[in-house]
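Remarks on the structure that follows.
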Amino acid sequence: MNAIFRCIHKNLLFYTKQQSLLFQIDYPEISDNIVPKHRFMSGFEQHVEAPDRRWQYLLFAAEPYETISFKIPSREVDKSEGKFWTYYNTETKQFFLQFAFKLESNKYSGDHSSSNARSYGPPPPAPPSSLRG
């Protein structure tokens with residue numbers, strides 16, 4: 001059985017200039033006691049394509065569905081508060097995961113508050129209040 005991949009949103013966190021990704025996966029037939037899981041996999045762990053250090057894979061799994069994966073740049077993920085979160089809505093059976101990539105050193109050096117700084121819109125949505133401590 002295949003999960004329904006709903007969307008990926010590419011965002012730029014305007015206050016840090018970090019690139020972020022938001023995934024939404026629907027699992028309409030998932031059992032009530034199952035919670036979807038995710039993990040990041042090195043390009044060297046997978047055996048579908050030739051290993052390539054430029055890429056890593058983000059996997060989503062939930063029984064009885066087949067595991068799905070997304071090929072993403074092999075960059076360090078920022079797991080600090082507000083920049084990495086997951087949420088599973090048990091009523092709609094939708095799983096959300098958002099993360100930001102850490103900034104590459106010296107890529108965005110300087111004062112970001114200057115008048116010529118570009119605006120990238122509002123920040124991505126915060127995790128649901130049930131996930132905040």
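Every chain in the structure tokens has a letter given in the order shown (A, B, ...), and although residue numbers restart at 1 in each chain, ligands are simply numbered from 1 in the order shown.
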
Please report, as JSON lines, each residue of segment 38-81 of chain A lying at most 10 Å from segment 2-18 of chain A, together with the nearest pair of atoms and the separation in Å rounded to one decimal; use only C-alpha atoms, and order rows by chain and ascending residue number.
{"residue": "A:Phe60", "atom": "CA", "partner": "A:Ala3", "partner_atom": "CA", "distance": 9.4}
{"residue": "A:Ala61", "atom": "CA", "partner": "A:Ala3", "partner_atom": "CA", "distance": 9.0}
{"residue": "A:Ala62", "atom": "CA", "partner": "A:Ala3", "partner_atom": "CA", "distance": 8.6}
{"residue": "A:Glu63", "atom": "CA", "partner": "A:Ala3", "partner_atom": "CA", "distance": 9.9}
{"residue": "A:Pro64", "atom": "CA", "partner": "A:Asn2", "partner_atom": "CA", "distance": 8.7}
{"residue": "A:Tyr65", "atom": "CA", "partner": "A:Asn2", "partner_atom": "CA", "distance": 5.4}
{"residue": "A:Glu66", "atom": "CA", "partner": "A:Asn2", "partner_atom": "CA", "distance": 5.7}
{"residue": "A:Thr67", "atom": "CA", "partner": "A:Asn2", "partner_atom": "CA", "distance": 8.2}
{"residue": "A:Ile68", "atom": "CA", "partner": "A:Ala3", "partner_atom": "CA", "distance": 7.8}
{"residue": "A:Asp78", "atom": "CA", "partner": "A:Gln18", "partner_atom": "CA", "distance": 9.2}

Resulting file, chosen residues, C-alpha atoms, as a short mmCIF file (atom, residue, chain, number, x, y, z; two decimals), in the first residue's frame:
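Below you can see out10.cif, which holds the result:
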data_model
loop_
_atom_site.label_atom_id
_atom_site.label_comp_id
_atom_site.auth_asym_id
_atom_site.auth_seq_id
_atom_site.Cartn_x
_atom_site.Cartn_y
_atom_site.Cartn_z
CA PHE A 60 9.08 7.89 6.08
CA ALA A 61 7.58 4.61 7.31
CA ALA A 62 4.26 3.49 8.78
CA GLU A 63 2.69 0.04 8.67
CA PRO A 64 0.99 -1.16 6.45
CA TYR A 65 2.46 1.33 3.96
CA GLU A 66 5.63 0.95 1.95
CA THR A 67 8.52 3.12 3.10
CA ILE A 68 8.93 6.22 0.95
CA ASP A 78 19.65 22.07 12.28
#

As a PyMOL selection string, please: every residue in segment 5-92 of chain A that a backbone DSSP assignment puts in strand (DSSP E or B). chain A and resi 5-13+18-26+37-42+55-61+68-73+77-78+84-89

Please report the interatomic distance between atom CA of Gln98 of chain A and atom CA of Leu58 of chain A in Å with one decimal. 11.5 Å

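Picture a line from atom CA of Gln24 of chain A to atom CA of Leu103 of chain A; it runs 23.7 Å.
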
Who sits within 9 Å of Phe96 of chain A, only C-alpha atoms, same chain under 6 positions skipped, as a PyMOL selection string: chain A and resi 22-26+85-89

I need the residues from that last selection saved to file as a short mmCIF file (atom, residue, chain, number, x, y, z; two decimals), in the first residue's frame (with N, CA and C atoms), if you can.
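Written output follows (part_5.cif):
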data_model
loop_
_atom_site.label_atom_id
_atom_site.label_comp_id
_atom_site.auth_asym_id
_atom_site.auth_seq_id
_atom_site.Cartn_x
_atom_site.Cartn_y
_atom_site.Cartn_z
N LEU A 22 9.42 21.43 4.42
CA LEU A 22 8.27 20.95 5.17
C LEU A 22 7.61 19.85 4.35
N PHE A 23 7.50 18.66 4.92
CA PHE A 23 6.90 17.51 4.25
C PHE A 23 5.54 17.23 4.86
N GLN A 24 4.57 16.86 4.02
CA GLN A 24 3.26 16.42 4.49
C GLN A 24 2.95 15.10 3.80
N ILE A 25 2.73 14.06 4.61
CA ILE A 25 2.42 12.73 4.10
C ILE A 25 1.09 12.30 4.70
N ASP A 26 0.17 11.81 3.85
CA ASP A 26 -1.12 11.32 4.32
C ASP A 26 -1.10 9.80 4.39
N TRP A 85 10.85 19.87 13.62
CA TRP A 85 9.71 19.35 14.35
C TRP A 85 8.92 18.37 13.50
N THR A 86 8.21 17.49 14.20
CA THR A 86 7.28 16.56 13.56
C THR A 86 5.94 16.69 14.27
N TYR A 87 4.90 16.34 13.54
CA TYR A 87 3.57 16.34 14.12
C TYR A 87 2.74 15.31 13.37
N TYR A 88 2.03 14.45 14.11
CA TYR A 88 1.12 13.49 13.51
C TYR A 88 -0.29 13.80 13.99
N ASN A 89 -1.17 14.14 13.06
CA ASN A 89 -2.56 14.43 13.37
C ASN A 89 -3.34 13.12 13.29
#

Can you list, as a VMD selection string, every protein, DNA or RNA residue that comes within 9 Å of Phe101 of chain A when you count only C-alpha atoms, leaving out same-chain residues fewer than 4 positions away? chain A and resid 18 to 21 75 to 79 83

Would you mind exporting C-alpha atoms of the selected residues as a PDB file, in the first residue's frame?
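Now in part.pdb:
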ATOM      1  CA  GLN A  18      18.292  29.073   6.441  1.00  0.00           C
ATOM      2  CA  GLN A  19      16.739  26.847   3.808  1.00  0.00           C
ATOM      3  CA  SER A  20      14.013  24.608   5.203  1.00  0.00           C
ATOM      4  CA  LEU A  21      11.759  21.831   3.961  1.00  0.00           C
ATOM      5  CA  ARG A  75      23.855  19.050   4.344  1.00  0.00           C
ATOM      6  CA  GLU A  76      23.782  19.160   8.112  1.00  0.00           C
ATOM      7  CA  VAL A  77      20.290  19.460   9.581  1.00  0.00           C
ATOM      8  CA  ASP A  78      19.646  22.070  12.277  1.00  0.00           C
ATOM      9  CA  LYS A  79      17.737  20.253  15.025  1.00  0.00           C
ATOM     10  CA  LYS A  83      13.827  24.525  13.286  1.00  0.00           C
TER      11      LYS A  83
END

Hey, what's within 9 Å of Trp55 of chain A if we count only C-alpha atoms and toss same-chain stuff fewer than 3 positions away? As a PyMOL selection string, please? chain A and resi 42-43+51-52+71-75

Please, could you write that set of residues out with C-alpha atoms as a PDB file, in the first residue's frame?
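The resulting file, result.pdb, is reproduced below:
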ATOM      1  CA  SER A  42      23.362   8.524   4.189  1.00  0.00           C
ATOM      2  CA  GLY A  43      23.809   8.096   0.461  1.00  0.00           C
ATOM      3  CA  PRO A  51      26.749   6.155  -3.504  1.00  0.00           C
ATOM      4  CA  ASP A  52      27.159   9.914  -3.821  1.00  0.00           C
ATOM      5  CA  LYS A  71      16.617  12.492  -2.044  1.00  0.00           C
ATOM      6  CA  ILE A  72      17.815  15.698  -0.421  1.00  0.00           C
ATOM      7  CA  PRO A  73      21.147  17.554  -0.325  1.00  0.00           C
ATOM      8  CA  SER A  74      23.679  16.051   2.045  1.00  0.00           C
ATOM      9  CA  ARG A  75      23.855  19.050   4.344  1.00  0.00           C
TER      10      ARG A  75
END

Separation of atom CA of Ile30 of chain A and atom CA of Thr90 of chain A, in Å? 9.5 Å

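Closest to Gln94 of chain A among A:Ser80, A:Ser69, A:Pro36, A:Met1 is A:Pro36, based on only C-alpha atoms.
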